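Take a look at the structure below.
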Amino acid sequence: MHDQPERVRSRGDLLLATLSVGLPVAIYNLLLVLTGTALLRAALRRALPGRSWTWVAGLGAGAAYFAVVTVHFDVYRYFRDGIDLGVAKDLGGGSLGRALAFVRAELMGLLPLVLSAVAGGVAWIFLCRRFGRRISGGLGGSGAGRRFGTARGILLANVMVVLLPGAALAVSDRLERTLGKVEAHRLYRVPLAYLTDFDGDGFGLMTRPFDHAPFDGSRHPYARDIPGNGIDENGVGGDLPRAEARPPMEAWDGRRLERKNVLLVVLETARYDLLDAVVDGQPVMPALAAMPGQRLRVISHFAFTGPAICGIFNGTISDAEEGTSLIDRFRAFGYATGVFSGQPEDHADIARRTGMDRADVRWDASLMPAERMYAGADLNSLVVPGHLPVGELAKWIGTLGDRRFFAYLNLQEMHFPYDSKKIPATLLDEPIPRSEITEANRDWLLRTYWNAARRVDTVLGMAIETLRASGRLEETLVLVVGDHGEELFHHGYLGHGVNISHEQNETFLKLVNGTIDAPEGPIGHSDIGRVIHNALARDPADRMPIGGPVLAIVGGPVAPRQIGLFDATGLRKYDFSKDAWTREDGPGGEPRRMDEDPAVIHAWESYALAASR
Ligand SMILES: [Zn+2]
């Protein structure tokens, strides 16, 4: 069963979708402006009696409506990902003029929106001035106007429209979810959602997931399941028999580990299939594919950069946990520690959380804003080409003499939109432009992504060559691991972190100059520290246990939208908002419906209990 509720398949579906969504939206908006007009008119009459304020009120309500919709719906969405003038100002070297140059791309993108909002407002003012009196007079004189134009009529209409979200939900969850993207719908949903939350726990008959215990405030979909009390507090998976949280990573004994250098390379957005991908008869990543070493399947618990890097460094699944950073572990062993990153590691507070700010040397993209690969002012898009951090790494290694090192290298070329003027086009003539990235252009998109991967491979080859040239390659444990995968429309999505799947969550690890006992299934990012430990352990008896089902989450750890478990048999997944169970047999597989699996729920419940302690 293909789980793609957002997709429309035929022309009939399209018509039905347009009607079922467009009609309520039109009703909502008309009534909102009408109600605003009536309220404003009443207020004006009271404050400044003696005139008919109808058209002035209509003008005000309409203009306010335009402003609210524009600001809330579009500008907010546009800036949500964190444009920050303070950050931009720092990038511009403290000069506001240069800072504005950095954000110009963003502002230019907003220009059409601002212009159309201004044009809409001006047109509204013109229409009100020209026809306002006549329309309000005409409407007031008509039968319908007399009936519904009164305060009581407008109140009645509002009461009826408040019931509309309930009706939409009765038709289908999918319709309600689609309408939920409209501001007016969310506004008109509030009264009914409040009234059907009988026990006041924030969940009711109108929420998704809905409240399975509507009259018990201690039981709702994200209530903590207290182990072994016979009560299923959150209504999924039955009562948690006992919490089985994974213990935190064991202490490392430096005397029992080989004193090898460690080079940890993290590849931004590395799909699980990159090492096997072939283009024109050649591997997409020839240097990496040719390196002798052990390959492991790796799952990104959240399929987002921040939690992934923190998980790799600290052995954690989410930010809700604390862990010991690899930086601190190797500093304690007397290693030199260095950070060389194509991304700004302050992004998502990574540097502080991972102890990177305690490394001997920290070089990241924020030091070279002019070399950025993409336009855009948010910290997220400030990423620089990989040869820069590799060059810094090479310089640093040259200064170390006999000292052992732990180095972290981060390469960003495979970040969306997979192309920049700084990435040479070697695998195709013309990389796909951002505006052409659609499902219909999947092949072109994939080829563009591979082109970026080839560039990463070339840069990675330079880093390996540096080690070889300095005579250190043999004595260096090298790990190359992705921070998460990337879905290129396989299940209808583009990107990562929004829908648990092998495409979005699975990546790979290549381990060079060291081996571990590979588990049967994939490992999580939280096990990468154990991989390093075990690869360095002199005595096999010291190896830590690695493996077991890997937990994946979309949303927060305590109130997720989806949870899943990956193991050798594939993915088992529960979607809270759709109350749907699906499984996938492996990478490239299609989701199929499955029965409830308490093991998935219990793994998450155990984790949520431990993480929120
Ligand atoms: Zn990432």
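In the structure tokens, each chain is lettered A, B, ... as it comes, each chain's residues begin at 1, and ligands are numbered from 1 in order of appearance.
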Let me have all residues with an atom within 10 Å of ligand 1, counting only C-alpha atoms and all ligand atoms, laid out as a VMD selection string. chain A and resid 266 to 270 300 303 to 309 343 380 412 414 to 416 482 to 486 495 to 497
Return as number ranges by chain the full set of residues in region 470-604 of chain A whose backbone-based DSSP assignment is alpha helix (DSSP H). A: 502-505, 528-536, 598-604
Just give me the gap between CA of Gln282 (chain A) and CA of Ala425 (chain A) in Å, one decimal is fine.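 It comes out at 15.8 Å.
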Just checking: using only C-alpha atoms, which residue out of A:Gly524, A:Pro587, A:Pro433, A:Gly355 ends up closest to Asn314 (chain A)?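 Checking each of A:Gly524, A:Pro587, A:Pro433, A:Gly355 against Asn314 (chain A), counting only C-alpha atoms, the winner is A:Gly355.
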For Glu392 (chain A), list every protein, DNA or RNA residue within 10 Å, evaluated using only C-alpha atoms, and leave out those in the same chain fewer than 4 positions away; present the list as a PDB file with N, CA and C atoms, in the first residue's frame.
```pdb
ATOM      1  N   GLY A 338      41.193  18.514  16.037  1.00  0.00           N
ATOM      2  CA  GLY A 338      40.942  19.559  15.042  1.00  0.00           C
ATOM      3  C   GLY A 338      39.596  19.402  14.368  1.00  0.00           C
ATOM      4  N   VAL A 339      38.968  20.532  14.098  1.00  0.00           N
ATOM      5  CA  VAL A 339      37.670  20.569  13.424  1.00  0.00           C
ATOM      6  C   VAL A 339      37.842  21.333  12.120  1.00  0.00           C
ATOM      7  N   PHE A 340      37.462  20.713  10.992  1.00  0.00           N
ATOM      8  CA  PHE A 340      37.621  21.338   9.675  1.00  0.00           C
ATOM      9  C   PHE A 340      36.333  21.111   8.896  1.00  0.00           C
ATOM     10  N   SER A 341      35.507  22.147   8.855  1.00  0.00           N
ATOM     11  CA  SER A 341      34.139  21.899   8.402  1.00  0.00           C
ATOM     12  C   SER A 341      33.685  22.854   7.315  1.00  0.00           C
ATOM     13  N   VAL A 361      42.047  23.161  17.354  1.00  0.00           N
ATOM     14  CA  VAL A 361      41.878  24.005  16.181  1.00  0.00           C
ATOM     15  C   VAL A 361      40.455  23.844  15.693  1.00  0.00           C
ATOM     16  N   ARG A 362      39.805  24.973  15.419  1.00  0.00           N
ATOM     17  CA  ARG A 362      38.466  24.872  14.844  1.00  0.00           C
ATOM     18  C   ARG A 362      38.380  25.805  13.658  1.00  0.00           C
ATOM     19  N   TRP A 363      38.229  25.192  12.480  1.00  0.00           N
ATOM     20  CA  TRP A 363      38.063  25.972  11.255  1.00  0.00           C
ATOM     21  C   TRP A 363      36.716  25.579  10.651  1.00  0.00           C
ATOM     22  N   ASP A 364      35.866  26.545  10.442  1.00  0.00           N
ATOM     23  CA  ASP A 364      34.616  26.192   9.759  1.00  0.00           C
ATOM     24  C   ASP A 364      34.190  27.294   8.799  1.00  0.00           C
ATOM     25  N   HIS A 387      37.321  21.681  -0.667  1.00  0.00           N
ATOM     26  CA  HIS A 387      38.782  21.782  -0.739  1.00  0.00           C
ATOM     27  C   HIS A 387      39.317  22.775   0.299  1.00  0.00           C
ATOM     28  N   LEU A 388      38.452  23.685   0.790  1.00  0.00           N
ATOM     29  CA  LEU A 388      38.912  24.652   1.793  1.00  0.00           C
ATOM     30  C   LEU A 388      39.197  23.973   3.139  1.00  0.00           C
ATOM     31  N   TRP A 396      47.330  21.743   8.988  1.00  0.00           N
ATOM     32  CA  TRP A 396      47.379  21.415  10.427  1.00  0.00           C
ATOM     33  C   TRP A 396      48.183  20.133  10.666  1.00  0.00           C
ATOM     34  N   ILE A 397      47.898  19.105   9.847  1.00  0.00           N
ATOM     35  CA  ILE A 397      48.617  17.838  10.014  1.00  0.00           C
ATOM     36  C   ILE A 397      50.123  18.075   9.875  1.00  0.00           C
ATOM     37  N   GLY A 398      50.483  19.004   8.969  1.00  0.00           N
ATOM     38  CA  GLY A 398      51.894  19.319   8.760  1.00  0.00           C
ATOM     39  C   GLY A 398      52.581  19.895   9.990  1.00  0.00           C
ATOM     40  N   LEU A 409      36.289  16.159   9.706  1.00  0.00           N
ATOM     41  CA  LEU A 409      36.201  16.865   8.428  1.00  0.00           C
ATOM     42  C   LEU A 409      34.768  16.757   7.934  1.00  0.00           C
TER      43      LEU A 409
END
```
Env of region 602-609 of chain A: 10 Å cut, atoms = only C-alpha atoms, seq-sep filter 5 positions within chain, self excluded. Answer as a count of residues only. 35
Quick check, in Å to one decimal: how far apart do CA of Glu475 (chain A) and CA of Asn513 (chain A) lie?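 Computing it gives 7.6 Å between the two atoms.
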Hey, which of A:Glu321, A:Leu288, A:Val383, A:Thr178 ends up closest to Thr18 (chain A)? Count only C-alpha atoms. A:Thr178
Selection near region 443-448 of chain A, 12 Å with only C-alpha atoms, sequence-local residues under 6 positions removed, as a ChimeraX atom specification: /A:271,273-274,277-280,284,413-420,423-437,454-455,486-490,494
Which residue is closest to Arg295 (chain A)? Choose from A:Pro519, A:Gly589, A:Gly570, A:Gly547 and count only C-alpha atoms. A:Pro519
Using only C-alpha atoms: which of A:Val25, A:Ile125, A:Ala453, A:Met206 has the shortest distance to Ala57 (chain A):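 Among the listed residues, A:Ile125 lies closest to Ala57 (chain A).
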Please compute the CA of Pro522 (chain A)-CA of Glu506 (chain A) distance, one decimal, in Å.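 Straight-line distance from CA of Pro522 (chain A) to CA of Glu506 (chain A) works out to 8.6 Å.
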Could you give me, as a list in words, each residue of region 279-458 of chain A that DSSP assigns to strand (DSSP E) when run on this structure's backbone?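 For region 279-458 of chain A, the strand (DSSP E) set is Val279, Gln282, Pro283, Gln294, Arg295, Leu296, Arg297, Val298, Ile299, Ala336, Thr337, Gly338, Val339, Phe340, Ser341, Val361, Arg362, Trp363, Phe405, Phe406, Ala407, Tyr408, Leu409, Asn410 and Leu411 of chain A.
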